[in-house]
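Taking it in order: structure first as structure tokens, then the write-up.
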Amino acid sequence: MLEYVTESGVSGGLVLDLGTKDGRKTANLDARVIGVDLDIDENAVETVTFVAGDGRQLPFRADSFDIVIADQIFEHVQDTEAVVSEIARVLNPDGRAYAAFPHRFAPTKPHGLPRWFSMPPLEWRHRIASRLWSGGREEYACHGNYPLTPLEARRIFEEHFGDVRHGTLSFRRECADRYVREGGPAATAFETVRPVIETVAETRLGGRVFESLWPHPEYVLREPV
């Protein structure tokens, strides 16, 4: 969903695609894009400028970027707060950051791991992985998988941004046609009930409940501090 939003809502300026991999998610943006990852994919697109780097210590000056995109990276980051702090540092005061990640307790299947694997505490996950798997799969399960909940993420976001908004409903309203067209029956069903959900989510309690339960939260972050 975040890809829909950035493709339609980003125009001009300098964009940081954090955890870019091959750059395909931001290849069509109408802006200059710098992609950062620990390793650059050999199939990287040509429209993105790639820089090898660590999200905990970005190789850029403060206030460098108009937009920062952090799509599907926080579930792979052990020190989430350090990465969010760096996003706030390199984002200019009038800029915005987009963040999306899978809910820790959502029934997803991240990178070949069982759907339930994100739910136990970290130390339990390490024990399970060491008994079930070996080699690269065990390494990823133990050291590349750090799922978090929306409320955990919000707490960290609010320490570094003055304006933190859960954007899922507004994103789906803005990109409803494409979402329904490409999302299949589930997307169509959700679009049918979205107006009702939005009405409930307008209340503080309703908004927090929806945020805490939605399986794939998306945020817009402004006013870095």
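All residue names refer to the structure tokens as shown: chains lettered A, B, ... in order, residues numbered from 1 in each chain, ligands numbered from 1 in order.
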- Which of stretch 16-99 of chain A counts as helix (DSSP H, G or I) under DSSP, as a PyMOL selection string please? chain A and resi 24-26+74-76+80-90
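Summary of the local environment: counting only C-alpha atoms, residues at most 8 Å from A:Val84, other than itself and those fewer than 6 positions away along its chain, are Ile156, Phe157 and His160 of chain A.
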Those same residues, written as a short mmCIF file (atom, residue, chain, number, x, y, z; two decimals), in the first residue's frame with all heavy atoms?
```
data_model
loop_
_atom_site.label_atom_id
_atom_site.label_comp_id
_atom_site.auth_asym_id
_atom_site.auth_seq_id
_atom_site.Cartn_x
_atom_site.Cartn_y
_atom_site.Cartn_z
N ILE A 156 8.07 4.89 19.91
CA ILE A 156 9.37 5.31 19.41
C ILE A 156 9.22 6.49 18.44
O ILE A 156 9.98 7.46 18.51
CB ILE A 156 10.08 4.12 18.72
CG1 ILE A 156 10.36 3.02 19.74
CG2 ILE A 156 11.38 4.58 18.06
CD1 ILE A 156 10.88 1.73 19.14
N PHE A 157 8.24 6.41 17.57
CA PHE A 157 8.03 7.51 16.61
C PHE A 157 7.79 8.82 17.34
O PHE A 157 8.32 9.87 16.96
CB PHE A 157 6.84 7.20 15.70
CG PHE A 157 7.05 6.06 14.75
CD1 PHE A 157 5.95 5.36 14.23
CD2 PHE A 157 8.32 5.66 14.34
CE1 PHE A 157 6.12 4.31 13.35
CE2 PHE A 157 8.50 4.61 13.46
CZ PHE A 157 7.39 3.94 12.96
N HIS A 160 10.61 11.03 18.48
CA HIS A 160 11.46 11.70 17.49
C HIS A 160 10.69 12.56 16.48
O HIS A 160 11.32 13.25 15.68
CB HIS A 160 12.27 10.63 16.73
CG HIS A 160 13.19 9.85 17.63
ND1 HIS A 160 14.40 10.34 18.06
CD2 HIS A 160 13.03 8.62 18.20
CE1 HIS A 160 14.97 9.43 18.85
NE2 HIS A 160 14.18 8.39 18.95
#
```
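Around A:Asn28, within 12 Å and counting only C-alpha atoms, the residues found are Glu3, Tyr4, Val5, Thr6, Glu7, Ser8, Gly9, Val10, Ser11, Gly12, Val15, Gly23, Arg24, Arg32, Val33, Val45, Glu46, Thr47 and Val48 of chain A, once anything fewer than 4 positions away on its own chain is removed.
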So that I have them on file, write out the residues from the current selection with N, CA, C and O atoms, as a compact mmCIF listing (two decimals), in the first residue's frame.
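out-v3.txt, freshly written:
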```
# COMPACT_ATOMS: atom_id res chain seq x y z
N GLU A 3 3.61 1.75 -1.37
CA GLU A 3 4.11 1.98 -2.72
C GLU A 3 3.10 2.79 -3.53
O GLU A 3 3.47 3.69 -4.29
N TYR A 4 1.81 2.50 -3.38
CA TYR A 4 0.77 3.26 -4.08
C TYR A 4 0.84 4.74 -3.68
O TYR A 4 0.78 5.64 -4.51
N VAL A 5 0.96 4.96 -2.38
CA VAL A 5 0.92 6.33 -1.85
C VAL A 5 2.10 7.14 -2.35
O VAL A 5 1.96 8.27 -2.81
N THR A 6 3.29 6.56 -2.26
CA THR A 6 4.47 7.32 -2.65
C THR A 6 4.50 7.56 -4.16
O THR A 6 4.94 8.62 -4.61
N GLU A 7 4.03 6.61 -4.94
CA GLU A 7 4.00 6.81 -6.39
C GLU A 7 3.06 7.96 -6.78
O GLU A 7 3.33 8.72 -7.70
N SER A 8 1.95 8.10 -6.05
CA SER A 8 0.98 9.12 -6.42
C SER A 8 1.20 10.44 -5.69
O SER A 8 0.80 11.50 -6.18
N GLY A 9 1.86 10.40 -4.52
CA GLY A 9 1.95 11.60 -3.70
C GLY A 9 3.31 12.25 -3.60
O GLY A 9 3.44 13.31 -2.99
N VAL A 10 4.34 11.64 -4.17
CA VAL A 10 5.68 12.19 -4.09
C VAL A 10 6.06 12.82 -5.42
O VAL A 10 6.02 12.17 -6.46
N SER A 11 6.38 14.09 -5.38
CA SER A 11 6.77 14.79 -6.60
C SER A 11 7.85 15.81 -6.28
O SER A 11 7.64 16.71 -5.47
N GLY A 12 9.02 15.63 -6.89
CA GLY A 12 10.11 16.57 -6.67
C GLY A 12 10.83 16.32 -5.36
O GLY A 12 10.46 15.47 -4.55
N VAL A 15 14.61 12.22 -2.12
CA VAL A 15 13.97 11.12 -1.39
C VAL A 15 15.02 10.12 -0.94
O VAL A 15 15.90 9.74 -1.72
N GLY A 23 15.74 -1.16 -5.23
CA GLY A 23 15.21 0.13 -5.62
C GLY A 23 13.91 0.10 -6.37
O GLY A 23 13.40 1.15 -6.79
N ARG A 24 13.32 -1.06 -6.57
CA ARG A 24 12.13 -1.15 -7.42
C ARG A 24 10.91 -0.45 -6.83
O ARG A 24 10.04 0.02 -7.58
N ARG A 32 14.32 12.78 -7.25
CA ARG A 32 15.65 12.16 -7.16
C ARG A 32 15.66 11.26 -5.94
O ARG A 32 15.35 11.69 -4.83
N VAL A 33 16.00 10.00 -6.15
CA VAL A 33 15.95 9.01 -5.08
C VAL A 33 17.34 8.48 -4.78
O VAL A 33 18.09 8.09 -5.69
N VAL A 45 17.83 -1.16 -9.90
CA VAL A 45 17.34 -0.34 -11.01
C VAL A 45 18.30 0.81 -11.26
O VAL A 45 19.08 1.21 -10.39
N GLU A 46 18.22 1.40 -12.45
CA GLU A 46 19.15 2.46 -12.84
C GLU A 46 18.68 3.85 -12.45
O GLU A 46 19.46 4.80 -12.49
N THR A 47 17.41 3.99 -12.07
CA THR A 47 16.86 5.31 -11.77
C THR A 47 17.10 5.75 -10.33
O THR A 47 16.76 6.87 -9.96
N VAL A 48 17.68 4.88 -9.52
CA VAL A 48 17.96 5.19 -8.11
C VAL A 48 19.47 5.24 -7.90
O VAL A 48 20.21 4.40 -8.44
```
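Note that the spacing between atom CA of A:Leu14 and atom CA of A:Asp37 amounts to 16.9 Å.
Between A:Ala99 and the candidates A:Gly167, A:Pro147, A:Pro121, A:Pro114, the tightest atom-to-atom separation, counting only C-alpha atoms, involves A:Gly167.
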- Those in stretch 7-139 of chain A with strand (DSSP E or B) from DSSP, as number ranges by chain: A: 11-18, 30-37, 49-52, 54, 57, 65-71, 91-100, 103
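Distances to A:Asp79 were evaluated for A:Lys21, A:His143, A:Arg172, A:Arg194 using only C-alpha atoms, and the minimum falls at A:His143.
The environment of A:Trp214 within 10 Å, counting only C-alpha atoms and disregarding residues fewer than 2 places along the same chain, consists of Pro102, His103, Phe105, Ala106, Thr149, Pro150, Thr168, Val209, Phe210, Glu211, Ser212, His216, Pro217 and Glu218 of chain A.
Closest to A:Ala100 among A:Val220, A:Asp30, A:Arg173, A:Gly55 is A:Val220, based on only C-alpha atoms.
With distances restricted to only C-alpha atoms, A:Phe50 is the closest residue to A:Ala27 from A:Glu42, A:His126, A:Val77, A:Phe50.
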